[in-house]
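Report on one structure; see the data block that follows.
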Amino acid sequence: MAMKPMRQFRPFELLAKETLAEGGEEGFPVRRFTFQLPEGCSLESLGFDMGLGDCVQVSAAGSVRSYSPVSPGQRAGSFDLAVKIYPGGQCSGHLDSLAVGDQAMISGPAPVPWLAHALNQQQHVGLIAFGVGITEALPVARSQLAKPVDVVERVVLLWGNKTWMDVFWQEELQELAQQHPGRFQVVFALSREDHEGCVRSRIDPPLLQSTFGDFAPTAGFLVVGTKQILGA
Ligand SMILES: Cc1cc2nc3c(=O)[nH]c(=O)nc-3n(C[C@H](O)[C@H](O)[C@H](O)COP(=O)(O)OP(=O)(O)OC[C@H]3O[C@@H](n4cnc5c(N)ncnc54)[C@H](O)[C@@H]3O)c2cc1C
């Protein structure tokens, strides 16, 4: 069924809801919300370019918030959002209150102009994500890895969290690394605890040096994360 781009807010039915991470010390969980699209319709067919960070907007209780779809743009029939639920959060709280079968008012694509301009396309691509900023970084990683190897030779994703309880998508990230051996690498950094397979560190100059030190001087970088953490 043909569908016009989601320029205006329209109701989308919630098909599924799943907890991705319980949240560490601060205890803010991250949940995946799957919304229905008309049969045969994908976000890509609605004009979304996930590699440029196009996001949807959700309207709740008079507020509008942006969310990055995290399912592949070509997936037909539904799309996923991964949302950190803040106590008292107008929009995240509203989404969390929905039961399967309920509807949310959603529009898009809403371009994120700074994302399109922030990543200067280069053969070596560094993605630095703080917390739930991974929702913006993962679609960009997928899109960069879909480019020919002579255009994008390596993608390294450095993902910073406080604790292992904040981390999710371990399997998706591992799968992506297996699909692109030697070309994609993910580095998990935890600032508040030791965990096997993770670096115990804040995202600071020594960690940036050890993660990206062998990158070409012309490498392109994208940094995504919450304002609070970026400003910290
Ligand atoms: C381009 C873009 C893409 C985004 N994509 C995603 C996404 O994919 N997933 C996602 O979860 N979020 C994403 N966000 C953030 C999202 O838009 C909202 O800002 C977030 O969900 C909080 O909105 P709220 O209405 O629930 O909380 P609000 O009602 O605005 O805030 C309520 C309380 O929640 C707490 N709070 C709010 N934001 C934060 C924060 N960042 N850190 C700590 N405490 C906070 C504060 O205590 C605040 O007082 C994105 C933002 C942008 C700009």
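Naming scheme: A, B, ... for chains in displayed order of the structure tokens; residues 1 onward per chain; ligands 1 onward as shown.
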Inset, instruction - Using DSSP on the backbone coordinates, identify all residues within range 50-215 of chain A classified as alpha helix (DSSP H); present the result as a ChimeraX atom specification. - result: /A:90-97,113-118,134-145,170-179,205-212
Inset, instruction - Could you give me, as an NGL selection string, the residues within 8 Å of range 49-61 of chain A, counting only C-alpha atoms and dropping anything in the same chain fewer than 2 positions from it? - result: :A and (9 or 44 or 47 or 63-69 or 73 or 90-91 or 94 or 104-112 or 115-116 or 136 or 139-144)
C-alpha atoms of the current selection, written as a CSV table (one decimal), in the first residue's frame:
```
chain,number,residue,atom,x,y,z
A,9,PHE,CA,1.8,13.6,13.1
A,44,GLU,CA,13.5,4.1,3.4
A,47,GLY,CA,12.3,9.0,2.4
A,63,SER,CA,5.8,18.2,23.8
A,64,VAL,CA,7.7,17.0,20.7
A,65,ARG,CA,10.9,14.9,21.0
A,66,SER,CA,13.3,13.4,18.4
A,67,TYR,CA,14.2,9.7,18.3
A,68,SER,CA,16.5,7.9,15.9
A,69,PRO,CA,14.9,4.8,14.3
A,73,GLY,CA,15.7,1.5,6.8
A,90,GLN,CA,7.2,13.7,29.1
A,91,CYS,CA,7.8,11.8,26.0
A,94,HIS,CA,4.5,8.5,27.6
A,104,ALA,CA,1.7,7.0,19.4
A,105,MET,CA,1.6,10.2,17.3
A,106,ILE,CA,4.7,10.2,15.1
A,107,SER,CA,6.0,12.2,12.2
A,108,GLY,CA,9.2,12.2,10.1
A,109,PRO,CA,11.7,12.1,8.5
A,110,ALA,CA,13.1,15.0,10.5
A,111,PRO,CA,16.6,15.7,9.3
A,112,VAL,CA,19.4,16.3,11.8
A,115,LEU,CA,24.8,14.9,11.7
A,116,ALA,CA,24.9,15.3,7.9
A,136,GLU,CA,22.3,7.6,16.3
A,139,PRO,CA,22.6,3.5,11.8
A,140,VAL,CA,25.5,5.6,10.7
A,141,ALA,CA,27.9,2.7,11.2
A,142,ARG,CA,25.7,0.4,9.2
A,143,SER,CA,25.4,2.9,6.4
A,144,GLN,CA,29.2,3.6,6.3
```
Inset, instruction - Work out how far CA of Gly220 in chain A is from atom 15 (C, counted along the ligand's line) of ligand 1, in Å to one decimal. - result: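 Distance between the two atoms: 23.8 Å.
You will find atom 35 (C, counted along the ligand's line) of ligand 1 at 22.7 Å from CA of Thr34 in chain A.
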Inset, instruction - Determine which residues of range 34-160 of chain A DSSP labels as strand (DSSP E or B) from the backbone of this structure, then write them out as a ChimeraX atom specification. - result: /A:34-36,42,55-60,63-67,69,76,78-84,103-110,124-130,154-160
Selection from above, N, CA and C atoms, as a compact mmCIF listing (two decimals), in the first residue's frame, can you write it?
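Output contents, as saved in out-v1.txt:
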```
# COMPACT_ATOMS: atom_id res chain seq x y z
N THR A 34 8.44 -1.19 18.95
CA THR A 34 8.26 -1.52 17.53
C THR A 34 6.90 -1.00 17.08
N PHE A 35 6.91 -0.11 16.08
CA PHE A 35 5.65 0.47 15.57
C PHE A 35 5.35 -0.06 14.18
N GLN A 36 4.06 -0.17 13.92
CA GLN A 36 3.62 -0.72 12.64
C GLN A 36 3.69 0.31 11.52
N SER A 42 8.42 0.76 4.04
CA SER A 42 9.59 0.83 4.94
C SER A 42 9.91 2.30 5.20
N CYS A 55 15.63 11.35 11.77
CA CYS A 55 14.92 10.80 12.92
C CYS A 55 13.42 11.03 12.81
N VAL A 56 12.68 10.41 13.71
CA VAL A 56 11.24 10.66 13.78
C VAL A 56 11.00 11.63 14.94
N GLN A 57 9.82 12.23 14.93
CA GLN A 57 9.43 13.05 16.07
C GLN A 57 8.19 12.43 16.69
N VAL A 58 8.18 12.42 18.01
CA VAL A 58 7.05 11.85 18.73
C VAL A 58 6.41 12.98 19.51
N SER A 59 5.09 13.07 19.41
CA SER A 59 4.36 14.11 20.12
C SER A 59 3.65 13.48 21.31
N ALA A 60 3.87 14.08 22.49
CA ALA A 60 3.23 13.54 23.70
C ALA A 60 2.98 14.67 24.67
N SER A 63 4.40 18.06 24.03
CA SER A 63 5.84 18.17 23.76
C SER A 63 6.19 17.32 22.56
N VAL A 64 7.23 17.74 21.86
CA VAL A 64 7.71 16.97 20.72
C VAL A 64 9.17 16.62 20.97
N ARG A 65 9.53 15.35 20.80
CA ARG A 65 10.91 14.91 21.00
C ARG A 65 11.36 14.09 19.79
N SER A 66 12.68 14.14 19.53
CA SER A 66 13.25 13.40 18.40
C SER A 66 13.75 12.04 18.85
N TYR A 67 13.61 11.03 18.00
CA TYR A 67 14.17 9.69 18.26
C TYR A 67 14.71 9.13 16.95
N PRO A 69 15.34 6.17 14.51
CA PRO A 69 14.93 4.78 14.26
C PRO A 69 16.17 3.90 14.23
N ALA A 76 10.45 -3.70 5.98
CA ALA A 76 9.06 -3.36 5.62
C ALA A 76 8.11 -3.74 6.75
N SER A 78 7.35 -2.39 9.68
CA SER A 78 7.51 -1.89 11.05
C SER A 78 8.85 -1.17 11.20
N PHE A 79 8.99 -0.42 12.26
CA PHE A 79 10.28 0.18 12.60
C PHE A 79 10.42 0.22 14.11
N ASP A 80 11.71 0.28 14.56
CA ASP A 80 12.00 0.26 16.00
C ASP A 80 12.57 1.59 16.47
N LEU A 81 12.21 1.96 17.67
CA LEU A 81 12.90 3.05 18.38
C LEU A 81 13.50 2.42 19.64
N ALA A 82 14.65 2.93 20.08
CA ALA A 82 15.23 2.51 21.36
C ALA A 82 15.28 3.75 22.23
N VAL A 83 14.54 3.73 23.31
CA VAL A 83 14.33 4.96 24.09
C VAL A 83 14.72 4.74 25.55
N LYS A 84 15.53 5.68 26.05
CA LYS A 84 15.88 5.67 27.47
C LYS A 84 14.72 6.31 28.23
N GLN A 103 -1.53 3.48 20.40
CA GLN A 103 -0.93 4.25 19.30
C GLN A 103 -0.14 5.43 19.84
N ALA A 104 0.91 5.81 19.08
CA ALA A 104 1.67 7.03 19.40
C ALA A 104 1.62 7.94 18.19
N MET A 105 1.65 9.26 18.44
CA MET A 105 1.62 10.23 17.34
C MET A 105 3.06 10.49 16.89
N ILE A 106 3.35 10.15 15.64
CA ILE A 106 4.74 10.19 15.14
C ILE A 106 4.77 10.87 13.78
N SER A 107 5.84 11.64 13.53
CA SER A 107 6.05 12.23 12.20
C SER A 107 7.51 12.04 11.80
N GLY A 108 7.82 12.30 10.53
CA GLY A 108 9.20 12.20 10.06
C GLY A 108 9.22 12.05 8.55
N PRO A 109 10.36 12.03 7.87
CA PRO A 109 11.68 12.13 8.50
C PRO A 109 11.99 13.56 8.92
N ALA A 110 12.63 13.68 10.07
CA ALA A 110 13.10 14.97 10.55
C ALA A 110 14.62 14.95 10.41
N HIS A 124 38.73 6.31 6.86
CA HIS A 124 38.70 5.88 8.25
C HIS A 124 37.63 6.69 8.98
N VAL A 125 36.67 5.97 9.59
CA VAL A 125 35.54 6.65 10.23
C VAL A 125 35.51 6.28 11.72
N GLY A 126 35.55 7.28 12.58
CA GLY A 126 35.47 7.07 14.02
C GLY A 126 34.12 7.55 14.53
N LEU A 127 33.42 6.67 15.24
CA LEU A 127 32.12 7.05 15.82
C LEU A 127 32.26 6.97 17.34
N ILE A 128 31.91 8.04 18.01
CA ILE A 128 32.03 8.08 19.46
C ILE A 128 30.63 8.32 20.02
N ALA A 129 30.11 7.31 20.74
CA ALA A 129 28.74 7.42 21.25
C ALA A 129 28.76 7.38 22.77
N PHE A 130 27.98 8.28 23.35
CA PHE A 130 27.81 8.30 24.81
C PHE A 130 26.41 7.78 25.11
N ARG A 154 37.72 1.49 7.12
CA ARG A 154 37.55 1.05 8.51
C ARG A 154 36.55 1.92 9.25
N VAL A 155 35.77 1.27 10.10
CA VAL A 155 34.86 2.00 10.98
C VAL A 155 35.12 1.51 12.40
N VAL A 156 35.43 2.42 13.30
CA VAL A 156 35.63 2.05 14.70
C VAL A 156 34.62 2.82 15.55
N LEU A 157 33.86 2.06 16.34
CA LEU A 157 32.84 2.66 17.20
C LEU A 157 33.29 2.57 18.64
N LEU A 158 33.44 3.71 19.29
CA LEU A 158 33.79 3.76 20.71
C LEU A 158 32.52 4.15 21.47
N TRP A 159 32.04 3.22 22.33
CA TRP A 159 30.76 3.45 23.02
C TRP A 159 31.01 3.54 24.52
N GLY A 160 30.73 4.69 25.08
CA GLY A 160 30.95 4.92 26.50
C GLY A 160 29.68 4.81 27.32
```
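Interatomic distance, CA of Gly23 in chain A to CA of Asp166 in chain A: 4.6 Å.
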Legend entry - Residue with smallest distance to ligand 1 - pool A:Gln123, A:Thr135, A:Ser191, A:Thr163, counting only C-alpha atoms and all ligand atoms: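 Counting only C-alpha atoms and all ligand atoms, the residue closest to ligand 1 is A:Thr135.
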Legend entry - Shell around Ala99 in chain A at 10 Å using only C-alpha atoms, local window under 6 positions removed, as number ranges by chain: A: 13-17
Legend entry - Top pick for closest residue to ligand 1, considering A:Val167, A:Leu95, A:Leu207, A:Ala21 and counting only C-alpha atoms and all ligand atoms: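 That would be A:Leu95, the residue with the smallest distance to ligand 1.
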Legend entry - Nearest to Val151 in chain A by atom-to-atom distance, counting only C-alpha atoms, from A:Gln122, A:Gly131, A:Gly62, A:Arg31: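 Result for the nearest residue to Val151 in chain A: A:Gln122.
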Inset, instruction - Rank nothing, just name the residue among A:Gln121, A:Val224, A:Arg75, A:Cys41 nearest to ligand 1, using only C-alpha atoms and all ligand atoms. - result: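 Once distances to ligand 1 are computed over only C-alpha atoms and all ligand atoms, the minimum belongs to A:Val224.
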